[in-house]
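S.K.: Data file entry-v5.txt (compact mmCIF, C-alpha atoms) is appended below.
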# COMPACT_ATOMS: atom_id res chain seq x y z
CA VAL B 1 7.00 -1.09 11.49
CA THR B 2 10.44 -0.04 10.29
CA GLU B 3 9.06 2.43 7.74
CA LEU B 4 6.99 4.28 10.34
CA THR B 5 9.97 4.43 12.67
CA GLN B 6 11.94 6.11 9.88
CA VAL B 7 9.16 8.66 9.34
CA ALA B 8 8.92 9.42 13.06
CA ALA B 9 12.68 9.96 13.19
CA ALA B 10 12.51 12.25 10.14
CA ILE B 11 9.77 14.35 11.77
CA ASP B 12 11.63 14.60 15.07
CA THR B 13 14.89 15.64 13.39
CA GLY B 14 13.21 18.18 11.11
CA ALA B 15 14.00 16.36 7.85
CA GLY B 16 12.19 17.57 4.76
CA GLY B 17 9.77 14.70 4.23
CA VAL B 18 9.53 11.13 2.96
CA LEU B 19 8.45 9.31 -0.17
CA PHE B 20 7.18 5.73 -0.07
CA GLY B 21 7.95 3.93 -3.32
CA GLY B 22 6.89 0.45 -4.34
CA PRO B 23 4.60 -1.65 -6.53
CA ALA B 24 0.81 -1.53 -6.25
CA GLY B 25 -0.74 -3.22 -3.22
CA VAL B 26 2.29 -3.39 -0.93
CA GLY B 27 0.80 -1.02 1.67
CA LYS B 28 2.22 2.41 0.76
CA THR B 29 -1.10 4.18 1.27
CA ARG B 30 -1.72 2.47 4.61
CA LEU B 31 1.72 3.52 5.82
CA ALA B 32 1.21 7.11 4.65
CA PHE B 33 -2.12 7.45 6.44
CA GLU B 34 -0.69 5.93 9.62
CA CYS B 35 1.64 8.94 9.65
CA LEU B 36 -1.29 11.31 10.13
CA GLY B 37 -1.94 10.01 13.63
CA PHE B 38 1.51 10.36 15.11
CA ALA B 39 1.99 13.73 13.37
CA ALA B 40 -1.15 15.01 15.11
CA GLU B 41 0.27 13.75 18.42
CA ARG B 42 3.33 15.95 17.77
CA GLY B 43 1.24 19.07 17.26
CA TYR B 44 1.10 19.04 13.46
CA ARG B 45 -1.86 20.01 11.37
CA THR B 46 -2.62 17.25 8.90
CA ALA B 47 -4.13 17.09 5.43
CA HIS B 48 -4.18 14.63 2.58
CA VAL B 49 -4.85 14.51 -1.13
CA ARG B 50 -5.35 11.53 -3.42
CA ALA B 51 -4.23 11.85 -7.01
CA ASN B 52 -6.01 9.92 -9.75
CA ARG B 53 -6.27 9.97 -13.50
CA THR B 54 -9.62 11.78 -13.43
CA SER B 55 -8.39 14.72 -11.33
CA ALA B 56 -5.24 14.81 -13.47
CA THR B 57 -7.33 16.29 -16.29
CA ILE B 58 -7.98 19.42 -14.19
CA PRO B 59 -5.23 21.92 -13.26
CA TYR B 60 -4.61 21.65 -9.49
CA GLY B 61 -7.33 18.98 -9.45
CA ALA B 62 -5.66 16.82 -6.82
CA PHE B 63 -5.39 19.77 -4.40
CA ALA B 64 -8.84 21.22 -5.14
CA ALA B 65 -10.28 20.49 -1.68
CA LEU B 66 -7.44 22.40 0.02
CA LEU B 67 -7.41 25.47 -2.24
CA PRO B 68 -9.37 28.75 -2.08
CA PRO B 69 -11.31 30.03 -5.11
CA ALA B 70 -8.98 31.50 -7.73
CA THR B 71 -11.48 33.07 -10.13
CA SER B 72 -10.46 36.61 -9.22
CA ARG B 73 -6.79 35.78 -9.78
CA GLU B 74 -6.97 34.16 -13.19
CA SER B 75 -5.09 37.06 -14.78
CA GLU B 76 -2.05 36.47 -12.56
CA SER B 77 0.98 34.61 -13.81
CA ARG B 78 1.25 30.92 -13.08
CA GLY B 79 4.08 31.65 -10.66
CA ASP B 80 1.97 34.11 -8.66
CA LEU B 81 -0.94 31.68 -8.60
CA LEU B 82 1.37 28.91 -7.40
CA ARG B 83 2.61 31.08 -4.53
CA TYR B 84 -0.95 32.12 -3.65
CA PHE B 85 -2.08 28.50 -3.41
CA ALA B 86 0.99 27.48 -1.40
CA GLU B 87 0.41 30.31 1.09
CA ALA B 88 -3.25 29.28 1.42
CA ILE B 89 -2.29 25.68 2.23
CA LEU B 90 0.34 26.73 4.76
CA ASP B 91 -1.76 29.45 6.42
CA ASP B 92 -2.55 28.64 10.05
CA PRO B 93 -3.42 31.17 12.79
CA ASP B 94 -1.49 29.12 15.34
CA GLY B 95 1.59 28.72 13.16
CA ARG B 96 1.55 24.94 13.36
CA PRO B 97 3.57 22.91 10.85
CA LEU B 98 1.65 20.81 8.34
CA LEU B 99 2.04 17.13 7.55
CA LEU B 100 0.64 16.59 4.07
CA VAL B 101 -0.02 13.13 2.62
CA VAL B 102 0.00 13.01 -1.18
CA ASP B 103 -1.16 9.57 -2.32
CA ASP B 104 -0.33 8.21 -5.80
CA ALA B 105 1.83 11.19 -6.78
CA HIS B 106 2.56 9.62 -10.17
CA ASP B 107 -1.04 10.55 -11.13
CA LEU B 108 -0.73 14.25 -10.23
CA ASP B 109 -1.52 16.80 -12.90
CA ASP B 110 1.48 19.00 -13.76
CA PRO B 111 0.26 22.10 -11.83
CA SER B 112 -0.43 20.00 -8.72
CA ALA B 113 3.01 18.40 -9.02
CA ALA B 114 4.56 21.87 -9.32
CA LEU B 115 2.64 22.99 -6.22
CA LEU B 116 3.92 19.98 -4.27
CA LEU B 117 7.49 20.71 -5.34
CA HIS B 118 7.07 24.37 -4.35
CA LEU B 119 5.82 23.36 -0.89
CA VAL B 120 8.73 20.96 -0.42
CA MET B 121 11.35 23.49 -1.48
CA HIS B 122 10.02 26.42 0.56
CA GLY B 123 9.37 24.62 3.84
CA GLY B 124 6.55 24.77 6.37
CA VAL B 125 5.27 21.35 5.35
CA PHE B 126 6.34 17.76 5.99
CA PRO B 127 5.22 15.80 2.91
CA VAL B 128 4.52 12.07 3.00
CA VAL B 129 4.27 11.03 -0.64
CA THR B 130 3.41 7.64 -2.15
CA LEU B 131 4.57 6.65 -5.61
CA ARG B 132 3.99 3.48 -7.62
CA THR B 133 7.22 2.23 -9.13
CA GLY B 134 7.30 1.63 -12.86
CA GLU B 135 4.73 4.35 -13.58
CA PRO B 136 5.58 7.58 -15.45
CA ALA B 137 5.45 10.60 -13.16
CA PRO B 138 5.50 14.39 -13.67
CA GLU B 139 8.98 15.89 -13.74
CA SER B 140 8.29 17.86 -10.54
CA VAL B 141 7.56 14.58 -8.74
CA VAL B 142 10.65 12.88 -10.15
CA MET B 143 12.75 15.75 -8.76
CA LEU B 144 11.56 14.95 -5.23
CA TRP B 145 13.78 11.88 -5.03
CA LYS B 146 16.14 12.53 -7.92
CA ASP B 147 17.35 15.74 -6.24
CA GLU B 148 17.09 14.11 -2.78
CA LEU B 149 14.51 16.62 -1.58
CA LEU B 150 12.65 13.82 0.19
CA GLN B 151 13.92 10.68 1.88
CA ARG B 152 12.87 7.78 -0.33
CA ILE B 153 11.76 4.62 1.48
CA GLU B 154 11.17 1.51 -0.60
CA VAL B 155 8.19 -0.56 0.52
CA SER B 156 8.84 -4.18 -0.41
CA PRO B 157 6.45 -7.14 -0.66
CA LEU B 158 5.92 -9.06 2.58
CA THR B 159 8.33 -11.84 3.49
CA VAL B 160 7.29 -15.24 4.82
CA ALA B 161 8.08 -14.04 8.36
CA ASP B 162 5.95 -10.91 7.84
CA ILE B 163 3.01 -12.97 6.63
CA ALA B 164 3.33 -15.38 9.55
CA MET B 165 3.12 -12.49 12.02
CA LEU B 166 0.19 -10.85 10.22
CA ALA B 167 -1.74 -14.10 9.91
CA VAL B 168 -1.42 -14.76 13.64
CA ASP B 169 -2.64 -11.22 14.44
CA VAL B 170 -5.59 -11.44 12.04
CA LEU B 171 -6.68 -14.99 12.79
CA GLY B 172 -6.00 -14.91 16.53
CA GLY B 173 -3.95 -18.08 16.72
CA PRO B 174 -0.92 -19.94 15.36
CA VAL B 175 -0.83 -20.67 11.63
CA ASP B 176 0.99 -23.73 10.30
CA GLY B 177 4.04 -23.25 8.12
CA THR B 178 2.52 -24.88 5.04
CA THR B 179 -0.36 -22.39 5.09
CA VAL B 180 1.99 -19.44 5.56
CA HIS B 181 4.12 -20.49 2.59
CA ALA B 182 1.00 -21.03 0.47
CA LEU B 183 -0.19 -17.53 1.35
CA ARG B 184 3.21 -16.06 0.46
CA THR B 185 3.41 -17.94 -2.85
CA THR B 186 -0.13 -17.06 -3.92
CA SER B 187 -0.09 -13.40 -2.82
CA GLU B 188 3.56 -12.82 -3.81
CA GLY B 189 3.83 -10.72 -0.65
CA ASN B 190 1.21 -8.22 -1.80
CA VAL B 191 -0.73 -6.93 1.24
CA LEU B 192 -3.91 -6.28 -0.73
CA PHE B 193 -3.92 -9.77 -2.27
CA LEU B 194 -3.06 -11.35 1.07
CA ARG B 195 -6.03 -9.69 2.74
CA GLU B 196 -8.43 -10.95 0.09
CA LEU B 197 -6.92 -14.44 0.22
CA ILE B 198 -7.38 -14.75 3.97
CA ILE B 199 -10.93 -13.35 3.90
CA SER B 200 -12.02 -15.70 1.10
CA ALA B 201 -10.23 -18.70 2.63
CA VAL B 202 -11.97 -18.19 5.98
CA ALA B 203 -15.35 -17.59 4.29
CA SER B 204 -15.05 -20.76 2.18
CA GLY B 205 -13.86 -22.89 5.09
CA SER B 206 -10.56 -23.77 3.44
CA LEU B 207 -8.77 -21.98 6.30
CA THR B 208 -10.09 -23.17 9.66
CA ASP B 209 -9.15 -23.35 13.33
CA VAL B 210 -8.53 -26.97 14.32
Using the file provided, produce a representation of the structure as structure tokens.
M.R.:
Amino acid sequence: VTELTQVAAAIDTGAGGVLFGGPAGVGKTRLAFECLGFAAERGYRTAHVRANRTSATIPYGAFAALLPPATSRESESRGDLLRYFAEAILDDPDGRPLLLVVDDAHDLDDPSAALLLHLVMHGGVFPVVTLRTGEPAPESVVMLWKDELLQRIEVSPLTVADIAMLAVDVLGGPVDGTTVHALRTTSEGNVLFLRELIISAVASGSLTDV
């Protein structure tokens, strides 16, 4: 996959990180989580967070699973708390770098977005961020690509050729051109829709091996 090749090159050259942008269902999350495996092979620690609208109602909600208790530090300034959390995420006895997947960054709460920006700007982490195009995002997230802090990679809908290759891999045999074009037209190149189309077509018998 071209996108994964770009990420591998960015890791090997020490670039700051990458951001996958694109509409819903095109495979951004799948690509981001594929990065965890080859980062581990290169000696990285790995971690991931998933932003959503529920966690966005809680300060640092998206990062909650990675953060230490902060009750004893509530009197500190927001800047000191931000640095404390960043140091906790980066802390590793072996000094290994961290690859951090942040999925659906447009849904981050503002403190979590500020923490992500802080991590990006101060190093020690290779972020792999996914972002749905057309959605409003926190200013700290917008800065990631607006200020070119991360390499932005656009994930586009699948082409007819892409779908033909995927269909052969999934179904285990050649797929006729009419079927491929029907799958492309109906799914509009959306990976999520394509998956459901193929599963339902096989289950109903409308897609068969003859």
S.K.: Given the choices B:Pro157, B:Leu207, B:Ala105, B:Val129, which gets closest to Phe193 (chain B) if the distance is worked out from all atoms listed in the file?
M.R.: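 Ranking B:Pro157, B:Leu207, B:Ala105, B:Val129 by distance to Phe193 (chain B), first place goes to B:Pro157.
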S.K.: For Leu115 (chain B), which residue out of B:Arg83, B:Arg132, B:Arg96, B:Lys146 is the nearest one, using all atoms listed in the file?
M.R.: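 Among the listed residues, B:Arg83 lies closest to Leu115 (chain B).
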S.K.: With all atoms listed in the file as the counted atoms, please give the residues lying no more than 12 Å from Leu66 (chain B), apart from itself and same-chain residues fewer than 4 positions off, as a list in words.
M.R.: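 Using all atoms listed in the file, the neighbours found are Thr46, Ala47, His48, Val49, Arg50, Tyr60, Gly61, Ala62, Phe85, Ala86, Glu87, Ala88, Ile89, Leu90, Asp91, Leu100, Ser112 and Leu115 of chain B.
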S.K.: Identify, on the basis of only C-alpha atoms, every residue whose closest approach to region 27-37 of chain B does not exceed 12 Å; exclude the query and any residue fewer than 4 positions from it along the same chain; express the result as an mmCIF file with C-alpha atoms, in the coordinates of the input.
M.R.:
data_model
loop_
_atom_site.group_PDB
_atom_site.id
_atom_site.type_symbol
_atom_site.label_atom_id
_atom_site.label_comp_id
_atom_site.auth_asym_id
_atom_site.auth_seq_id
_atom_site.Cartn_x
_atom_site.Cartn_y
_atom_site.Cartn_z
ATOM 1 C CA VAL B 1 7.000 -1.090 11.490
ATOM 2 C CA THR B 2 10.440 -0.040 10.290
ATOM 3 C CA GLU B 3 9.060 2.430 7.740
ATOM 4 C CA LEU B 4 6.990 4.280 10.340
ATOM 5 C CA THR B 5 9.970 4.430 12.670
ATOM 6 C CA GLN B 6 11.940 6.110 9.880
ATOM 7 C CA VAL B 7 9.160 8.660 9.340
ATOM 8 C CA ALA B 8 8.920 9.420 13.060
ATOM 9 C CA ALA B 9 12.680 9.960 13.190
ATOM 10 C CA ALA B 10 12.510 12.250 10.140
ATOM 11 C CA ILE B 11 9.770 14.350 11.770
ATOM 12 C CA GLY B 17 9.770 14.700 4.230
ATOM 13 C CA VAL B 18 9.530 11.130 2.960
ATOM 14 C CA LEU B 19 8.450 9.310 -0.170
ATOM 15 C CA PHE B 20 7.180 5.730 -0.070
ATOM 16 C CA GLY B 21 7.950 3.930 -3.320
ATOM 17 C CA GLY B 22 6.890 0.450 -4.340
ATOM 18 C CA PRO B 23 4.600 -1.650 -6.530
ATOM 19 C CA GLU B 41 0.270 13.750 18.420
ATOM 20 C CA ARG B 42 3.330 15.950 17.770
ATOM 21 C CA GLY B 43 1.240 19.070 17.260
ATOM 22 C CA TYR B 44 1.100 19.040 13.460
ATOM 23 C CA ARG B 45 -1.860 20.010 11.370
ATOM 24 C CA THR B 46 -2.620 17.250 8.900
ATOM 25 C CA ALA B 47 -4.130 17.090 5.430
ATOM 26 C CA HIS B 48 -4.180 14.630 2.580
ATOM 27 C CA VAL B 49 -4.850 14.510 -1.130
ATOM 28 C CA ARG B 50 -5.350 11.530 -3.420
ATOM 29 C CA ALA B 51 -4.230 11.850 -7.010
ATOM 30 C CA LEU B 98 1.650 20.810 8.340
ATOM 31 C CA LEU B 99 2.040 17.130 7.550
ATOM 32 C CA LEU B 100 0.640 16.590 4.070
ATOM 33 C CA VAL B 101 -0.020 13.130 2.620
ATOM 34 C CA VAL B 102 0.000 13.010 -1.180
ATOM 35 C CA ASP B 103 -1.160 9.570 -2.320
ATOM 36 C CA ASP B 104 -0.330 8.210 -5.800
ATOM 37 C CA ALA B 105 1.830 11.190 -6.780
ATOM 38 C CA PHE B 126 6.340 17.760 5.990
ATOM 39 C CA PRO B 127 5.220 15.800 2.910
ATOM 40 C CA VAL B 128 4.520 12.070 3.000
ATOM 41 C CA VAL B 129 4.270 11.030 -0.640
ATOM 42 C CA THR B 130 3.410 7.640 -2.150
ATOM 43 C CA LEU B 131 4.570 6.650 -5.610
ATOM 44 C CA ARG B 132 3.990 3.480 -7.620
ATOM 45 C CA THR B 133 7.220 2.230 -9.130
ATOM 46 C CA ARG B 152 12.870 7.780 -0.330
ATOM 47 C CA ILE B 153 11.760 4.620 1.480
ATOM 48 C CA GLU B 154 11.170 1.510 -0.600
ATOM 49 C CA VAL B 155 8.190 -0.560 0.520
ATOM 50 C CA SER B 156 8.840 -4.180 -0.410
ATOM 51 C CA PRO B 157 6.450 -7.140 -0.660
ATOM 52 C CA LEU B 158 5.920 -9.060 2.580
ATOM 53 C CA GLY B 189 3.830 -10.720 -0.650
ATOM 54 C CA ASN B 190 1.210 -8.220 -1.800
ATOM 55 C CA VAL B 191 -0.730 -6.930 1.240
ATOM 56 C CA LEU B 192 -3.910 -6.280 -0.730
ATOM 57 C CA PHE B 193 -3.920 -9.770 -2.270
ATOM 58 C CA LEU B 194 -3.060 -11.350 1.070
ATOM 59 C CA ARG B 195 -6.030 -9.690 2.740
#
S.K.: I'd like the interatomic distance between CA of His122 (chain B) and CA of Leu149 (chain B), to a tenth of an Å.
M.R.: 11.0 Å
S.K.: Which distance in Å separates CA of Asp107 (chain B) and CA of Pro138 (chain B), to one decimal?
M.R.: 8.0 Å
S.K.: Could you check how far CA of Ile163 (chain B) sits from CA of Leu183 (chain B), in Å to one decimal?
M.R.: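 These atoms are spaced 7.7 Å apart.
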S.K.: Measuring atom to atom with only C-alpha atoms, identify which of B:Gly95, B:Gly25, B:Gly79, B:Pro59 is nearest to Ala113 (chain B).
M.R.: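 Among B:Gly95, B:Gly25, B:Gly79, B:Pro59, it is B:Pro59 that comes nearest to Ala113 (chain B).
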S.K.: Which residue gives the smallest distance to Leu117 (chain B) among B:Ala167, B:Ser77, B:Ala65, B:Gly16, with all atoms listed in the file counted?
M.R.: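 Closest candidate: B:Gly16.
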S.K.: Rank B:Val120, B:Ala114, B:Thr159, B:Val175 by their smallest atom-to-atom distance to Glu188 (chain B), using only C-alpha atoms, and report the top residue only.
M.R.: B:Thr159
S.K.: Select all residues near (-5.4, -30.7, 13.7) (cut-off 12 Å, inclusive, file coordinates), counting all atoms listed in the file, and output them as a VMD selection string.
M.R.: chain B and resid 174 to 176 207 to 210
S.K.: So, with all atoms listed in the file as the atoms that count, which of B:Gly172, B:Met121, B:Thr13, B:Asp92 lies closest to Asp147 (chain B)?
M.R.: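 Looking only at the distances to Asp147 (chain B), the closest residue turns out to be B:Met121.
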